[in-house]
Amino acid sequence: MLNTSEATVSAEASASPAVQHFRQALLWPLRLVPAPDAKPTHHGPWHVLREMGDASPWREEIDEYTGDSSRFHERHYNEFVSFLPYVQRFLYGEGRSKNRSGQADGNDGDSPMRIFRRHDVAAVRVVPQAGDAPITLDVVHCDLYFFFDIDVVLLNLEVGADHLSLAQAQDLLYRFGRAYPAGWNAEGGALHCMASVEWLAADGSVLARSDAQQREAFLSHVAQHRAPRISAHWAYLMQPLVSDHSDEPGVLRYRQIEYYRMPVMAYLSLDDPKRLSRNDFIRLGLVTGAAEADAAQRAHLPYAEQHLEDFERRYCYDRFWVDAGAAPNTRYLCNGHALIVVGDAHSEFFCCRDRGVLAQFRHQHFLLFLIAHFQKAALLMFSDQLVEALKRLDIRSTPSVKQFKRAIRSSFERFLRFTHRYWFHEISEQAQVRALSRMCTTHLGLDPLYAEVRERIADMNTYLDADSLRRQASTVVRLTVVTLFGLIGTVTTGFLGMNLLAEADAPLWRKALWFGVVFVFTTWLTIYTMVKSQRLSDFIDALSNDRLSFKGKLASLARVWRPGSD
């Protein structure tokens, strides 16, 4: 009986459907930070890439909405109309008119999103685990996304391959998008990441390779900088942008802002998706990697059953998981960190690049995924900036206090602009796009994060307003005290000074002398009154207090000159 059961498990494991076409899109949010010696500028960071010219591999992408209309296809139209008008303005900007020379008018604010693409990386060769056969993936595109007025950049890398096993696809999803290794095993092998990654040029030459196995380099970097070291192949892909914690020179610098695992999207075209087990869907939806090679282990769930009992309700969008329709047996899996679509390779609509699910995956679904992760990265950036402003604050230093106030005011203003330009809850009225967007934002916890950051910035701004009002009130009190005591002298000299000193006919030098004496004495008296204004203010309050005895009022007057009585 036991042998029969084991044979059944083995048969089920070997019956996993093959992945006819595989697409994986990585989205790596990073925070941009100014170089220590960089001069302040109001231009966006993309201006630096523009000005580098041939020194940079990145070229600004003139997309289908601003370039030649002959490049504008039906899939781009379907993408555009999927979103609500305010989202369209965020993604595509306003329409650009042509000037007399035929050039497009408009500034960087017209299109809040700027895209740069590099074309030198044609493929990537990976080895998931030591001893595995290498897998070569085509690089569909490699882009950088910049956003107006927000110090965030998103790296987008899309790769594809044909005829993979399900285990290979699961390993690619689990291991490829990691900025650095999570650790090393007893033999020194890097954990949870690719054993080897090589970027390939069009001629097959190696442009850069990973260094995840160099444990000492990563350990020493963390010990020295208190920040992780970006793996060599990802650092190469980002150049000329450099990690802010590296020793490399560079005007454009970035810092990690989220978890080291990059958000991932995947498209899997299977020869028979209905042969996927619940275990397979769980491993895909939660991106846990392939099961162990042992057949008995492959039948086990990656986590406890009670943890996965609501998996279908929380992570699956099954509107098209039926045998009918244009793309039968299509299932979407979303956990916020990952958005994966699985479907039938025999369905023409599922595989169509212009109107089908593949086109939707690369356009509408990618953009809703990008919007959600951009919003999260921007909110985390604002939070980091508040922490850094507080860290630089020295309340004993007036310049530091002023710099802190400017930083908080600037963060408050930019957060308001972010709210009105980039923050929205509904991005589409199309049921599928709206549902997937809600799944992403819910799993990412964007609403609680937004409320937390808004509250922190509002608290900071409220504190600055209260502090300003307190300082203004203190200044008014001091000026009132000075005016009150100055009024006594003014009235006295005005009443008695008419004939007190008859110097109208005196020589000029004597009148100048008297003027100087009075000026110096008055100035000294005014400054002395301002120095004692706080204690004099307390004395005035004591005088106006009807419940205080005459002796108490004299004691309050004596405290004006008593040392250390504050």
# chains A, B, ... in the order shown; residues from 1 in each chain; ligands from 1
>>> select_by_dssp(residues="range 232-432 of chain A", states="alpha helix (DSSP H)", output="mmCIF file with C-alpha atoms, in the first residue's frame")
data_model
loop_
_atom_site.group_PDB
_atom_site.id
_atom_site.type_symbol
_atom_site.label_atom_id
_atom_site.label_comp_id
_atom_site.auth_asym_id
_atom_site.auth_seq_id
_atom_site.Cartn_x
_atom_site.Cartn_y
_atom_site.Cartn_z
ATOM 1 C CA ALA A 232 28.079 43.340 -8.725
ATOM 2 C CA HIS A 233 25.697 42.495 -11.555
ATOM 3 C CA TRP A 234 22.961 44.799 -10.231
ATOM 4 C CA ALA A 235 25.493 47.546 -9.532
ATOM 5 C CA TYR A 236 26.657 47.259 -13.148
ATOM 6 C CA LEU A 237 23.123 47.476 -14.477
ATOM 7 C CA MET A 238 22.475 50.710 -12.550
ATOM 8 C CA ARG A 278 -2.941 23.679 -5.132
ATOM 9 C CA ASN A 279 0.620 23.278 -3.901
ATOM 10 C CA ASP A 280 1.922 24.586 -7.236
ATOM 11 C CA PHE A 281 -0.341 27.631 -7.098
ATOM 12 C CA ILE A 282 0.701 28.393 -3.526
ATOM 13 C CA ARG A 283 4.379 28.226 -4.444
ATOM 14 C CA LEU A 284 3.765 30.505 -7.420
ATOM 15 C CA GLY A 285 1.500 32.969 -5.647
ATOM 16 C CA ALA A 295 8.763 13.389 -4.627
ATOM 17 C CA ALA A 296 7.379 13.120 -1.110
ATOM 18 C CA GLN A 297 8.621 16.619 -0.276
ATOM 19 C CA ARG A 298 7.065 18.063 -3.422
ATOM 20 C CA PHE A 311 -5.112 31.328 0.193
ATOM 21 C CA GLU A 312 -7.641 31.369 -2.651
ATOM 22 C CA ARG A 313 -9.696 34.147 -1.084
ATOM 23 C CA ARG A 314 -6.728 36.415 -0.251
ATOM 24 C CA TYR A 315 -4.349 35.869 -3.137
ATOM 25 C CA GLU A 348 -4.778 32.401 -28.823
ATOM 26 C CA PHE A 349 -6.132 35.296 -26.763
ATOM 27 C CA PHE A 350 -3.988 34.437 -23.740
ATOM 28 C CA CYS A 351 -0.807 34.497 -25.855
ATOM 29 C CA VAL A 357 -3.558 38.657 -21.843
ATOM 30 C CA LEU A 358 0.148 38.961 -22.687
ATOM 31 C CA ALA A 359 -0.458 42.504 -23.928
ATOM 32 C CA GLN A 360 -2.462 43.321 -20.792
ATOM 33 C CA PHE A 366 2.495 46.411 -15.285
ATOM 34 C CA LEU A 367 1.356 50.012 -14.823
ATOM 35 C CA LEU A 368 -1.007 49.234 -11.946
ATOM 36 C CA PHE A 369 1.849 47.307 -10.307
ATOM 37 C CA LEU A 370 4.239 50.198 -10.935
ATOM 38 C CA ILE A 371 1.809 52.771 -9.495
ATOM 39 C CA ALA A 372 1.356 50.794 -6.274
ATOM 40 C CA HIS A 373 5.085 50.308 -5.697
ATOM 41 C CA PHE A 374 5.927 53.864 -6.673
ATOM 42 C CA GLN A 375 3.446 55.147 -4.107
ATOM 43 C CA LYS A 376 4.913 52.901 -1.424
ATOM 44 C CA ALA A 377 8.483 53.937 -2.288
ATOM 45 C CA ALA A 378 7.550 57.627 -2.218
ATOM 46 C CA LEU A 379 5.912 57.293 1.200
ATOM 47 C CA LEU A 380 8.951 55.464 2.577
ATOM 48 C CA MET A 381 11.168 58.194 1.118
ATOM 49 C CA PHE A 382 9.218 60.904 2.970
ATOM 50 C CA SER A 383 9.521 58.900 6.182
ATOM 51 C CA ASP A 384 13.290 58.537 5.707
ATOM 52 C CA GLN A 385 13.672 62.256 5.085
ATOM 53 C CA LEU A 386 11.897 63.071 8.350
ATOM 54 C CA VAL A 387 14.205 60.746 10.270
ATOM 55 C CA GLU A 388 17.284 62.272 8.666
ATOM 56 C CA ALA A 389 16.103 65.812 9.408
ATOM 57 C CA LEU A 390 15.657 64.909 13.073
ATOM 58 C CA LYS A 391 19.038 63.196 13.152
ATOM 59 C CA ARG A 392 20.777 66.343 11.882
ATOM 60 C CA THR A 398 20.748 78.162 15.512
ATOM 61 C CA PRO A 399 21.821 77.262 11.914
ATOM 62 C CA SER A 400 20.887 73.618 12.596
ATOM 63 C CA VAL A 401 17.447 74.636 13.878
ATOM 64 C CA LYS A 402 16.869 76.816 10.815
ATOM 65 C CA GLN A 403 17.972 74.008 8.500
ATOM 66 C CA PHE A 404 15.629 71.611 10.300
ATOM 67 C CA LYS A 405 12.708 73.998 9.840
ATOM 68 C CA ARG A 406 13.461 74.383 6.128
ATOM 69 C CA ALA A 407 13.693 70.597 5.702
ATOM 70 C CA ILE A 408 10.348 69.970 7.441
ATOM 71 C CA ARG A 409 8.603 72.777 5.534
ATOM 72 C CA SER A 410 9.992 71.399 2.271
ATOM 73 C CA SER A 411 8.835 67.861 3.118
ATOM 74 C CA PHE A 412 5.372 69.164 3.992
ATOM 75 C CA GLU A 413 5.084 71.060 0.709
ATOM 76 C CA ARG A 414 6.324 68.116 -1.355
ATOM 77 C CA PHE A 415 3.967 65.745 0.437
ATOM 78 C CA LEU A 416 1.052 68.012 -0.469
ATOM 79 C CA ARG A 417 2.161 67.972 -4.103
ATOM 80 C CA PHE A 418 2.550 64.176 -3.959
ATOM 81 C CA THR A 419 -0.962 63.833 -2.559
ATOM 82 C CA HIS A 420 -2.574 65.908 -5.290
ATOM 83 C CA ARG A 421 -0.457 64.615 -8.168
ATOM 84 C CA TYR A 422 0.290 60.969 -7.415
ATOM 85 C CA ALA A 431 -13.329 45.396 -13.177
ATOM 86 C CA GLN A 432 -10.149 43.395 -13.711
#
>>> select_by_dssp(residues="range 75-232 of chain A", states="strand (DSSP E or B)", output="PyMOL selection string")
chain A and resi 98+104+113-117+123-127+135-147+150-164+178+184+190+196-200+206-209
>>> write_last_selection(atoms="C-alpha atoms", output="PDB file, in the first residue's frame")
ATOM      1  CA  LYS A  98       3.976  71.544 -31.739  1.00  0.00           C
ATOM      2  CA  ALA A 104       7.133  69.387 -29.094  1.00  0.00           C
ATOM      3  CA  MET A 113       7.192  60.191 -15.451  1.00  0.00           C
ATOM      4  CA  ARG A 114      10.487  59.999 -17.384  1.00  0.00           C
ATOM      5  CA  ILE A 115      11.772  56.715 -18.818  1.00  0.00           C
ATOM      6  CA  PHE A 116      15.365  55.892 -19.766  1.00  0.00           C
ATOM      7  CA  ARG A 117      16.359  52.628 -21.488  1.00  0.00           C
ATOM      8  CA  ALA A 123      20.436  38.500 -22.449  1.00  0.00           C
ATOM      9  CA  VAL A 124      21.168  37.116 -19.012  1.00  0.00           C
ATOM     10  CA  ARG A 125      22.613  33.672 -18.245  1.00  0.00           C
ATOM     11  CA  VAL A 126      21.719  32.317 -14.820  1.00  0.00           C
ATOM     12  CA  VAL A 127      22.490  29.222 -12.772  1.00  0.00           C
ATOM     13  CA  ILE A 135      19.411  29.082 -18.319  1.00  0.00           C
ATOM     14  CA  THR A 136      19.625  31.937 -20.817  1.00  0.00           C
ATOM     15  CA  LEU A 137      16.852  34.534 -20.724  1.00  0.00           C
ATOM     16  CA  ASP A 138      16.266  37.200 -23.341  1.00  0.00           C
ATOM     17  CA  VAL A 139      16.271  40.756 -21.983  1.00  0.00           C
ATOM     18  CA  VAL A 140      13.113  42.304 -23.418  1.00  0.00           C
ATOM     19  CA  HIS A 141      13.945  45.758 -22.028  1.00  0.00           C
ATOM     20  CA  CYS A 142      15.770  47.432 -19.163  1.00  0.00           C
ATOM     21  CA  ASP A 143      14.362  50.796 -18.034  1.00  0.00           C
ATOM     22  CA  LEU A 144      14.752  53.443 -15.370  1.00  0.00           C
ATOM     23  CA  TYR A 145      11.620  55.319 -14.253  1.00  0.00           C
ATOM     24  CA  PHE A 146      12.048  58.814 -12.792  1.00  0.00           C
ATOM     25  CA  PHE A 147       9.232  60.927 -11.349  1.00  0.00           C
ATOM     26  CA  ILE A 150       9.961  62.765  -6.143  1.00  0.00           C
ATOM     27  CA  ASP A 151      13.443  61.465  -5.280  1.00  0.00           C
ATOM     28  CA  VAL A 152      12.673  57.901  -6.307  1.00  0.00           C
ATOM     29  CA  VAL A 153      13.859  55.816  -9.248  1.00  0.00           C
ATOM     30  CA  LEU A 154      12.495  52.408 -10.290  1.00  0.00           C
ATOM     31  CA  LEU A 155      14.557  49.905 -12.244  1.00  0.00           C
ATOM     32  CA  ASN A 156      12.399  47.745 -14.498  1.00  0.00           C
ATOM     33  CA  LEU A 157      13.908  44.646 -16.077  1.00  0.00           C
ATOM     34  CA  GLU A 158      11.798  42.330 -18.224  1.00  0.00           C
ATOM     35  CA  VAL A 159      13.172  38.952 -19.319  1.00  0.00           C
ATOM     36  CA  GLY A 160      11.644  36.045 -21.199  1.00  0.00           C
ATOM     37  CA  ALA A 161      12.284  32.438 -22.175  1.00  0.00           C
ATOM     38  CA  ASP A 162      10.521  29.516 -23.853  1.00  0.00           C
ATOM     39  CA  HIS A 163      10.123  25.858 -22.891  1.00  0.00           C
ATOM     40  CA  LEU A 164      10.955  25.818 -19.200  1.00  0.00           C
ATOM     41  CA  ARG A 178      17.581  39.754  -5.079  1.00  0.00           C
ATOM     42  CA  TRP A 184      25.695  31.710   3.084  1.00  0.00           C
ATOM     43  CA  ALA A 190      25.021  32.046  -1.253  1.00  0.00           C
ATOM     44  CA  SER A 196      25.589  32.726 -10.921  1.00  0.00           C
ATOM     45  CA  VAL A 197      24.295  35.625 -13.037  1.00  0.00           C
ATOM     46  CA  GLU A 198      25.942  36.974 -16.189  1.00  0.00           C
ATOM     47  CA  TRP A 199      24.778  39.891 -18.333  1.00  0.00           C
ATOM     48  CA  LEU A 200      25.403  39.151 -22.010  1.00  0.00           C
ATOM     49  CA  VAL A 206      29.925  38.729 -20.781  1.00  0.00           C
ATOM     50  CA  LEU A 207      29.390  42.325 -19.653  1.00  0.00           C
ATOM     51  CA  ALA A 208      29.260  41.655 -15.910  1.00  0.00           C
ATOM     52  CA  ARG A 209      28.767  38.732 -13.536  1.00  0.00           C
TER      53      ARG A 209
END
>>> closest_residue(among="A:Ala133, A:Ala327, A:Ile340, A:Leu91", to="Glu79 in chain A", atoms="only C-alpha atoms")
A:Leu91
>>> closest_residue(among="A:Pro85, A:Thr288, A:Ala558, A:Asn78", to="Gln170 in chain A", atoms="only C-alpha atoms")
A:Thr288
>>> closest_residue(among="A:Tyr92, A:Gln256, A:Ser468, A:Gln168", to="Phe80 in chain A", atoms="only C-alpha atoms")
A:Tyr92
